[in-house]
Each structure stands twice: as structure tokens, then as C-alpha cells.
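See structure below.
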Amino acid sequence: MARNYGIDLGTTNTVVCKFESLKGLNFINLDEIDIVYPNELSHGYYNVNNSKSLPSVVYLEEDPDEPGKYIRYIGEVAERLSENPENTNSNLFINTKRLMSKKEDLGFGVHARDIAKDLYSICFYSINRKNIRPLPASQSFCVTRPAAYNPFATVATMDVVKEFGYSNVSSLEEPVAALLNYLYLLLENPETAEELFEMQRKNRGYLAFGIIDIGGGTTDVKIQKFSIKGSREYENDDFATGYVVTFHNEEEDGKQSMSNPYEAFGGLDFDKEAAGYIIQKLDAELSRQYGKSLMDLPRNQSSNLWSKAMHEAKIFKERMQYGHVGIWDVPGEYVGTDNRIRIEWTEEEYNTWVAPLCKNEHEREVNIRKLSIFSIIENTLKRANYTMEELDCLYVTGGMSYYRPIRDMLEREYSSKVRVKFSENPLTDIARGAALYNSYFQIDVPVSTLNEGVMIDNPCGAPVMLAPAGHKLPYSDDIVNKIVITNPVEMHIDILNGTSIYDSNMRVIKRLWARKLEPTRVGTPVDIHFEITEEHGISLSFHVRQSENSYEIPIDADEYDLKID
């Protein structure tokens, strides 16, 4: 039995899903994996029960026996410790996805990649713990990333996973993963499957969907043109495949599949907006009862108070339904008083506070400097040269899609223009879609003829733009014909196109692999030679330089039918 695992390391929660199939029993199963914590990571603080999600947080607590040394707590344990009002330290790390490409210390000697590794360690532990027998050789893993994640963050994510010793690892954009899960649900139902294919037949053999993934830290919008072929068939004796999804990314009639520029905007921004108003209510109550102001608090105390307000805003957001009222009994030591101060707020107040983050009614044009869910959607449509009426479906997922202000805005703005579908399980959509990638679905991305810059994205450094020697591309230095990199065990080279190496909307148009034939020390230089042919095609070769011997690395591709116009 072959298995494919999808891992969605979300800003708020991390989910692991498994897809497996068995031809003999006509068996197909797609389900989330229970999260299991190793005993040494719970530190005996709490009895952690199995759950379907892992809170994407890490909490540091100073070791009482070794001052200056910190004990690391992960997931549910970390979340519970941070909720304890007696723990006044604010050593809780969240939202590290926004920082995956950064090398800066986040504090206490911790980096974003350290936290990602901690979270992935729980994921892989849970996967192995749930398998009584050893994992099959045909297992594979797919980890997700935000759409338009810059290449450096993508490389950092893949490197973290490979540190666990897994080689069969792929990466997929989060909204694309959500799309695959939605297509799976449609195709597994005969009625909706026929409706989907009929829609495709009427639309010249393709479909165009808008996918909106509103998560805790990022809002991803993807305009994707695609077509579906095949049926649920069996490629071999064990694994069920058959559906081939072809992504049409090239520009046609002025339209192009497109992701929004990377926007660090999501549920945490809603929490931040609400926390600001909660602090204002607290300040007003403090002034009324004691004639004091929060402005007079020491900086560290003020910072801790803000962290606690953010937590209260998050908890309230998660419990919003049926007239929920938020109550915060603020301990006196937080604000320098002898007694607690109670403040309250309602859902109606909350919706008023965060309304501008759904759609800023005062914006006269889409301006990404004034971020809202609406502006991100409209900006992506504009870049892709689509109108909402030209899409076949608008699919909405992500944890923030639960919240009424966002749903109301989306339905009000778009339901008369396009079919709007909300995910029934937005917290698991992306992990499920990742598990379906290269298992239930095979993905095909046609090679494009390029009219922009072409880049090699190597996993050990910055992407490098290619052009005939001496030619200057937009926002780049003059091109040379040799690049020296530090090679990993296996090298994959992405051919990208975009306007510069920092273009947030770069896309992969071809992926090549270079596998070492002989043991090579880490740090051995690898020369990547390229030339532009007279027909403006790309020719690539790789050469390993060692003191003992030197050799060429074969590239896992037959031809390069890429053109530079």
C-alpha cells in the first residue's frame, strides 16, 4: 500500500493528512493523522491528548536550575503555558511563516527555522507512531507554503524537512492544495463530477477558479486556469491515480494564472486590530476607576499587556457565535493596581472594529498599502487581467473564512458575479490537498515560451537570471557564464520566470534534478555552466570539481525547449 502525506504548517495550526489506496479492495482513504507528542516534549506538565491539529507555537521558559537557559515547549503544551496568567513572560513564538527566509535571531537564540523544525518533528513523530509496520518504500511527503512565498523561504522550508532524512519531498502552494482537495470532493461524487466536466466542455476545455485562502498569518489569492483529464484509474497494482490536472500558467488573450504578491496579512492582523481596541477600553476603565493611564506603565509591562490583549482577541475570535460576550478580568499586577479590572465587549463591537480589514469603504482604488481582504483579491484579479465574472468559481478556505464579517463581505461583493463556495473544513483543506498531490492527482505544467527574464533558482543561493552574456536584464547585474554554488546531496534546479530575482510572483516553468553519482564532501564547488544558443534556447551543464577527481553531473531531463524572446 502506497502512502502520500501532506503537511500544512499553518500560522495558527499545523495539520498532517494521509492518502492511501489499494487496488485489490478498491480502497481509497484520505484522513487527518492524530497528533501525538513524545513524552520528553510534554515535560510532564500536562497530559496531552491526541488531536487532529498541532498549535503552531513554541514557548520558552527559563530553566529554574540553569539561569539563562530556556526549556522549549511545543504545540498544545506551549499554548496552555502561555494562557496561564501567572506566567508573565512573553516568550511565545507565533507566525514564524512570515520569517522563514530571514536569518535574524527572533530572540533567545531562536530562529524561524528552529521553530519550524520543532513543529515538523512532532508531525513526523506522529506519522511514524501511527504506523505499526515500517513505512513503505513508496511513501512520499508534500509540504505546503504560501502562494508567492519568495524563493528563499521556499528553500528554507524544504531544507528543514530534508534535515529529518526524507528525500521524497515536494512542495505545493497552499491555495493550489486547497483547490486539489475541492476537486477531489467534486470528483468523488458522480453528480458533481459530471457537472464539473460539463462546465469544462462548455468552456473550451478548461476551467478558471479563484482560490482565496485566508489564514492566520497570510491571505493567499490564486487565479488558476486549468483542465482535468482522466478518471479514477490504477497506474500499478497498489496506487490509485488517473486524474491529470494541467495548469495553464502562460498568458493567453491577455490573461494569466497569477498569485497575489506575498502579503503578510491574515487572522493575526484581525487580532492586532481588536487588541488595540481592547487596550483602549482597558485604558478608559483604568482612568475612570484609578485616574491612571497605561501610558505610565514600564515598557516591559506594557509589552506583556499587549501580548495578553492579543491572546484575548484571538480567543474571542475563535468563540464568536450566538452572541458571545468577551470578558477579561485583568490582574492588578498587569496595570499597577491592587484589584482586578474587568472589561467586556460584544460581537457587534468586534465586527465594527475589524470591518475595515474586510473592506475599507473609504478606498477609492485598490492600494496594497491599505491592506484589506477585498484589496488583495481585487489586486490579484487586476494583475491576472481577469474580472470576477470571468471565473467559473470562487472557492474560499482558511480559518478566517469562518468569520461572519469576512463571509458577509465576500457574499455581498461577489455572489452576484460568480459562484462562491465556502469550504466546509477550512482547517484541513490544505493538508488534504497536499496528500493528494502526485497521488490521486498528477500535475502537469506545460513549458512556456518566455517573453520575460529567465532564472535558475538553485537551492544553495539566490536565483540567478539568465540571458546572453553581457545582456542586462531588469533589476539584475550583468550575466556571466559560470555560477559556483555549494551543493547538497541532491540538487534540484528550477527554471523560473519573472522580472527580477526578488519578484514575489515568480513561477516555476520547469524543474530539473541533478543527482550526484559519487560521494562528495559538503562544500564541494559545483559549476553550473549555461549558454544561450543561436536559437535562444538554454543549454545547461553541471561540473563537480574535486581534488581527487572531477566529473559531470547528468541532468534528469531530455531537452530544454525553453526560449528567450
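Ordering of the C-alpha cells sets the chain letters (A, B, ...), residue numbers begin anew at 1 in every chain, and ligands are numbered from 1 in the order given.
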Filtered DSSP result for range 114-203 of chain A, state strand (DSSP E or B), as a PDB file with N, CA and C atoms, in the first residue's frame:
```pdb
ATOM      1  N   SER A 140       5.678   9.187   0.300  1.00  0.00           N
ATOM      2  CA  SER A 140       6.176  10.489  -0.134  1.00  0.00           C
ATOM      3  C   SER A 140       5.542  11.562   0.733  1.00  0.00           C
ATOM      4  N   PHE A 141       6.160  12.728   0.746  1.00  0.00           N
ATOM      5  CA  PHE A 141       5.700  13.829   1.581  1.00  0.00           C
ATOM      6  C   PHE A 141       5.563  15.080   0.731  1.00  0.00           C
ATOM      7  N   CYS A 142       4.544  15.849   1.034  1.00  0.00           N
ATOM      8  CA  CYS A 142       4.354  17.144   0.385  1.00  0.00           C
ATOM      9  C   CYS A 142       4.101  18.180   1.471  1.00  0.00           C
ATOM     10  N   VAL A 143       4.934  19.202   1.521  1.00  0.00           N
ATOM     11  CA  VAL A 143       4.758  20.281   2.489  1.00  0.00           C
ATOM     12  C   VAL A 143       4.272  21.521   1.747  1.00  0.00           C
ATOM     13  N   THR A 144       3.417  22.273   2.393  1.00  0.00           N
ATOM     14  CA  THR A 144       2.813  23.422   1.718  1.00  0.00           C
ATOM     15  C   THR A 144       3.506  24.725   2.103  1.00  0.00           C
ATOM     16  N   ARG A 145       3.281  25.728   1.276  1.00  0.00           N
ATOM     17  CA  ARG A 145       3.852  27.053   1.501  1.00  0.00           C
ATOM     18  C   ARG A 145       2.854  28.086   0.988  1.00  0.00           C
ATOM     19  N   VAL A 169      10.438  14.468  -1.044  1.00  0.00           N
ATOM     20  CA  VAL A 169       9.680  15.592  -0.501  1.00  0.00           C
ATOM     21  C   VAL A 169       9.395  16.580  -1.623  1.00  0.00           C
ATOM     22  N   SER A 170       8.162  17.014  -1.720  1.00  0.00           N
ATOM     23  CA  SER A 170       7.791  18.042  -2.693  1.00  0.00           C
ATOM     24  C   SER A 170       7.123  19.187  -1.950  1.00  0.00           C
ATOM     25  N   SER A 171       6.912  20.292  -2.643  1.00  0.00           N
ATOM     26  CA  SER A 171       6.307  21.474  -2.044  1.00  0.00           C
ATOM     27  C   SER A 171       5.194  21.965  -2.950  1.00  0.00           C
ATOM     28  N   LEU A 172       4.151  22.521  -2.345  1.00  0.00           N
ATOM     29  CA  LEU A 172       2.970  22.943  -3.100  1.00  0.00           C
ATOM     30  C   LEU A 172       2.414  24.218  -2.483  1.00  0.00           C
ATOM     31  N   GLU A 173       1.967  25.138  -3.330  1.00  0.00           N
ATOM     32  CA  GLU A 173       1.340  26.361  -2.830  1.00  0.00           C
ATOM     33  C   GLU A 173       0.051  26.023  -2.086  1.00  0.00           C
TER      34      GLU A 173
END
```
Note to self: Using DSSP secondary structure from the backbone, list all alpha helix (DSSP H) positions within range 222-333 of chain A, as a ChimeraX atom specification.
What the structure shows: /A:267-290,299-319,332-333
Margin query: Using only C-alpha atoms, can you tell me which of A:Asp269, A:Tyr120, A:Leu196, A:Met100 comes closest to Asp392 in chain A?
Written below: A:Leu196
Next item on the list: Determine the nearest neighbour of Glu424 in chain A from the options A:Leu294, A:Leu185, A:Ile211, A:Val58, counting only C-alpha atoms.
Entry: A:Leu185
Note to self: Which residue is closest to Asp31 in chain A? Choose from A:Asp105, A:Glu195, A:Asp429, A:Glu174 and count only C-alpha atoms.
What the structure shows: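 Using only C-alpha atoms, Asp31 in chain A sits closest to A:Asp429.
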I'd like the contact shell of Ser51 in chain A - 10 Å cut-off, only C-alpha atoms, skipping same-chain residues fewer than 3 positions apart - returned as a PDB file with C-alpha atoms, in the first residue's frame.
```
ATOM      1  CA  VAL A  15      -2.248  19.577  10.197  1.00  0.00           C
ATOM      2  CA  GLU A  32      -6.053  13.554   9.081  1.00  0.00           C
ATOM      3  CA  ILE A  33      -3.466  11.973  11.381  1.00  0.00           C
ATOM      4  CA  ASP A  34      -3.766  12.294  15.139  1.00  0.00           C
ATOM      5  CA  ILE A  35      -1.038  14.458  16.621  1.00  0.00           C
ATOM      6  CA  VAL A  36       0.996  12.568  19.225  1.00  0.00           C
ATOM      7  CA  VAL A  48      -1.672  15.971  26.163  1.00  0.00           C
ATOM      8  CA  LEU A  54      -0.883  20.931  16.319  1.00  0.00           C
ATOM      9  CA  GLU A  76      -0.600  22.388  22.842  1.00  0.00           C
TER      10      GLU A  76
END
```
Checklist line | For Pro356 in chain A, the nearest of the candidates A:Ser375, A:Asn168, A:Gln442, A:Ser307, counting only C-alpha atoms | finding: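 Of A:Ser375, A:Asn168, A:Gln442, A:Ser307, the one nearest Pro356 in chain A, counting only C-alpha atoms, is A:Ser375.
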Notebook entry, point to check: Leaving out range 382-389 of chain A and any residue of its chain fewer than 5 positions from it, which residues lie within 12 Å of it when counting only C-alpha atoms, given as number ranges by chain?
Noted result: A: 208-211, 221-225, 249-261, 365-367, 375-377, 394, 410, 413-420, 505
Check: Excluding same-chain residues fewer than 3 positions from Cys123 in chain A, what lies within 12 Å of it counting only C-alpha atoms, as JSON, numbers by chain?
Finding: {"A": [5, 6, 7, 8, 9, 13, 14, 15, 16, 17, 18, 32, 33, 34, 35, 36, 37, 38, 51, 52, 53, 54, 55, 56, 74, 75, 116, 117, 118, 119, 120, 126, 127, 128, 129, 130, 141, 143, 161, 164, 431]}
Margin query: Which residues are near Arg113 in chain A? Cut-off 9 Å, only C-alpha atoms, ignore same chain within fewer than 2 positions. Put them as an MDAnalysis selection string.
Written below: chainID A and resid 96 99:103 110:111 115:118 156:157 160
Write out the residues from the selection above, keeping N, CA and C atoms, as a PDB file, in the first residue's frame.
```pdb
ATOM      1  N   THR A  96       5.747  32.360  12.550  1.00  0.00           N
ATOM      2  CA  THR A  96       7.106  32.332  12.025  1.00  0.00           C
ATOM      3  C   THR A  96       7.137  32.095  10.517  1.00  0.00           C
ATOM      4  N   LEU A  99       8.593  34.702   8.516  1.00  0.00           N
ATOM      5  CA  LEU A  99      10.015  34.978   8.734  1.00  0.00           C
ATOM      6  C   LEU A  99      10.920  33.847   8.257  1.00  0.00           C
ATOM      7  N   MET A 100      10.369  32.889   7.494  1.00  0.00           N
ATOM      8  CA  MET A 100      11.142  31.698   7.146  1.00  0.00           C
ATOM      9  C   MET A 100      12.394  32.009   6.333  1.00  0.00           C
ATOM     10  N   SER A 101      12.373  33.072   5.558  1.00  0.00           N
ATOM     11  CA  SER A 101      13.546  33.381   4.737  1.00  0.00           C
ATOM     12  C   SER A 101      14.534  34.277   5.464  1.00  0.00           C
ATOM     13  N   LYS A 102      14.212  34.666   6.701  1.00  0.00           N
ATOM     14  CA  LYS A 102      15.070  35.577   7.450  1.00  0.00           C
ATOM     15  C   LYS A 102      16.057  34.802   8.318  1.00  0.00           C
ATOM     16  N   LYS A 103      17.238  35.339   8.455  1.00  0.00           N
ATOM     17  CA  LYS A 103      18.270  34.691   9.262  1.00  0.00           C
ATOM     18  C   LYS A 103      18.428  35.341  10.629  1.00  0.00           C
ATOM     19  N   VAL A 110      16.731  31.930  19.104  1.00  0.00           N
ATOM     20  CA  VAL A 110      15.815  31.125  18.297  1.00  0.00           C
ATOM     21  C   VAL A 110      15.632  31.765  16.921  1.00  0.00           C
ATOM     22  N   HIS A 111      15.577  30.929  15.870  1.00  0.00           N
ATOM     23  CA  HIS A 111      15.309  31.385  14.525  1.00  0.00           C
ATOM     24  C   HIS A 111      14.021  30.738  14.017  1.00  0.00           C
ATOM     25  N   ILE A 115      12.008  26.897  14.920  1.00  0.00           N
ATOM     26  CA  ILE A 115      10.625  26.651  15.323  1.00  0.00           C
ATOM     27  C   ILE A 115       9.945  25.728  14.325  1.00  0.00           C
ATOM     28  N   ALA A 116      10.192  25.956  13.027  1.00  0.00           N
ATOM     29  CA  ALA A 116       9.621  25.080  12.010  1.00  0.00           C
ATOM     30  C   ALA A 116      10.098  23.646  12.217  1.00  0.00           C
ATOM     31  N   LYS A 117      11.378  23.486  12.555  1.00  0.00           N
ATOM     32  CA  LYS A 117      11.907  22.142  12.774  1.00  0.00           C
ATOM     33  C   LYS A 117      11.247  21.486  13.980  1.00  0.00           C
ATOM     34  N   ASP A 118      11.019  22.248  15.047  1.00  0.00           N
ATOM     35  CA  ASP A 118      10.330  21.701  16.217  1.00  0.00           C
ATOM     36  C   ASP A 118       8.941  21.187  15.839  1.00  0.00           C
ATOM     37  N   ALA A 156      14.229  27.448   2.406  1.00  0.00           N
ATOM     38  CA  ALA A 156      14.400  27.238   3.848  1.00  0.00           C
ATOM     39  C   ALA A 156      13.449  26.162   4.351  1.00  0.00           C
ATOM     40  N   THR A 157      12.201  26.192   3.893  1.00  0.00           N
ATOM     41  CA  THR A 157      11.211  25.200   4.314  1.00  0.00           C
ATOM     42  C   THR A 157      11.622  23.799   3.887  1.00  0.00           C
ATOM     43  N   VAL A 160      14.583  22.405   5.911  1.00  0.00           N
ATOM     44  CA  VAL A 160      14.213  21.956   7.252  1.00  0.00           C
ATOM     45  C   VAL A 160      13.674  20.533   7.195  1.00  0.00           C
TER      46      VAL A 160
END
```
Check: Nearest to Val325 in chain A among A:Gln280, A:Asn91, A:Thr346, A:Ser439, with distances taken over only C-alpha atoms: which residue is it?
Finding: A:Thr346
Check: What does the distance between CA of Phe265 in chain A and CA of Gly217 in chain A come to in Å, to one decimal place?
Finding: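 Distance between the two atoms: 5.7 Å.
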Next item on the list: Rounded to one decimal place, report the CA of Asp220 in chain A-CA of Ala147 in chain A distance in Å.
Entry: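 Separation of CA of Asp220 in chain A and CA of Ala147 in chain A: 5.9 Å.
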Check: Of the residues A:Lys97, A:Ile71, A:Leu268, A:Phe19, which is the one nearest to Ile214 in chain A, using only C-alpha atoms?
Finding: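 Result for the nearest residue to Ile214 in chain A: A:Leu268.
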Next item on the list: Could you please determine the separation between CA of Arg407 in chain A and CA of Phe422 in chain A in Å, to one decimal place?
Entry: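 Separation between CA of Arg407 in chain A and CA of Phe422 in chain A: 8.6 Å.
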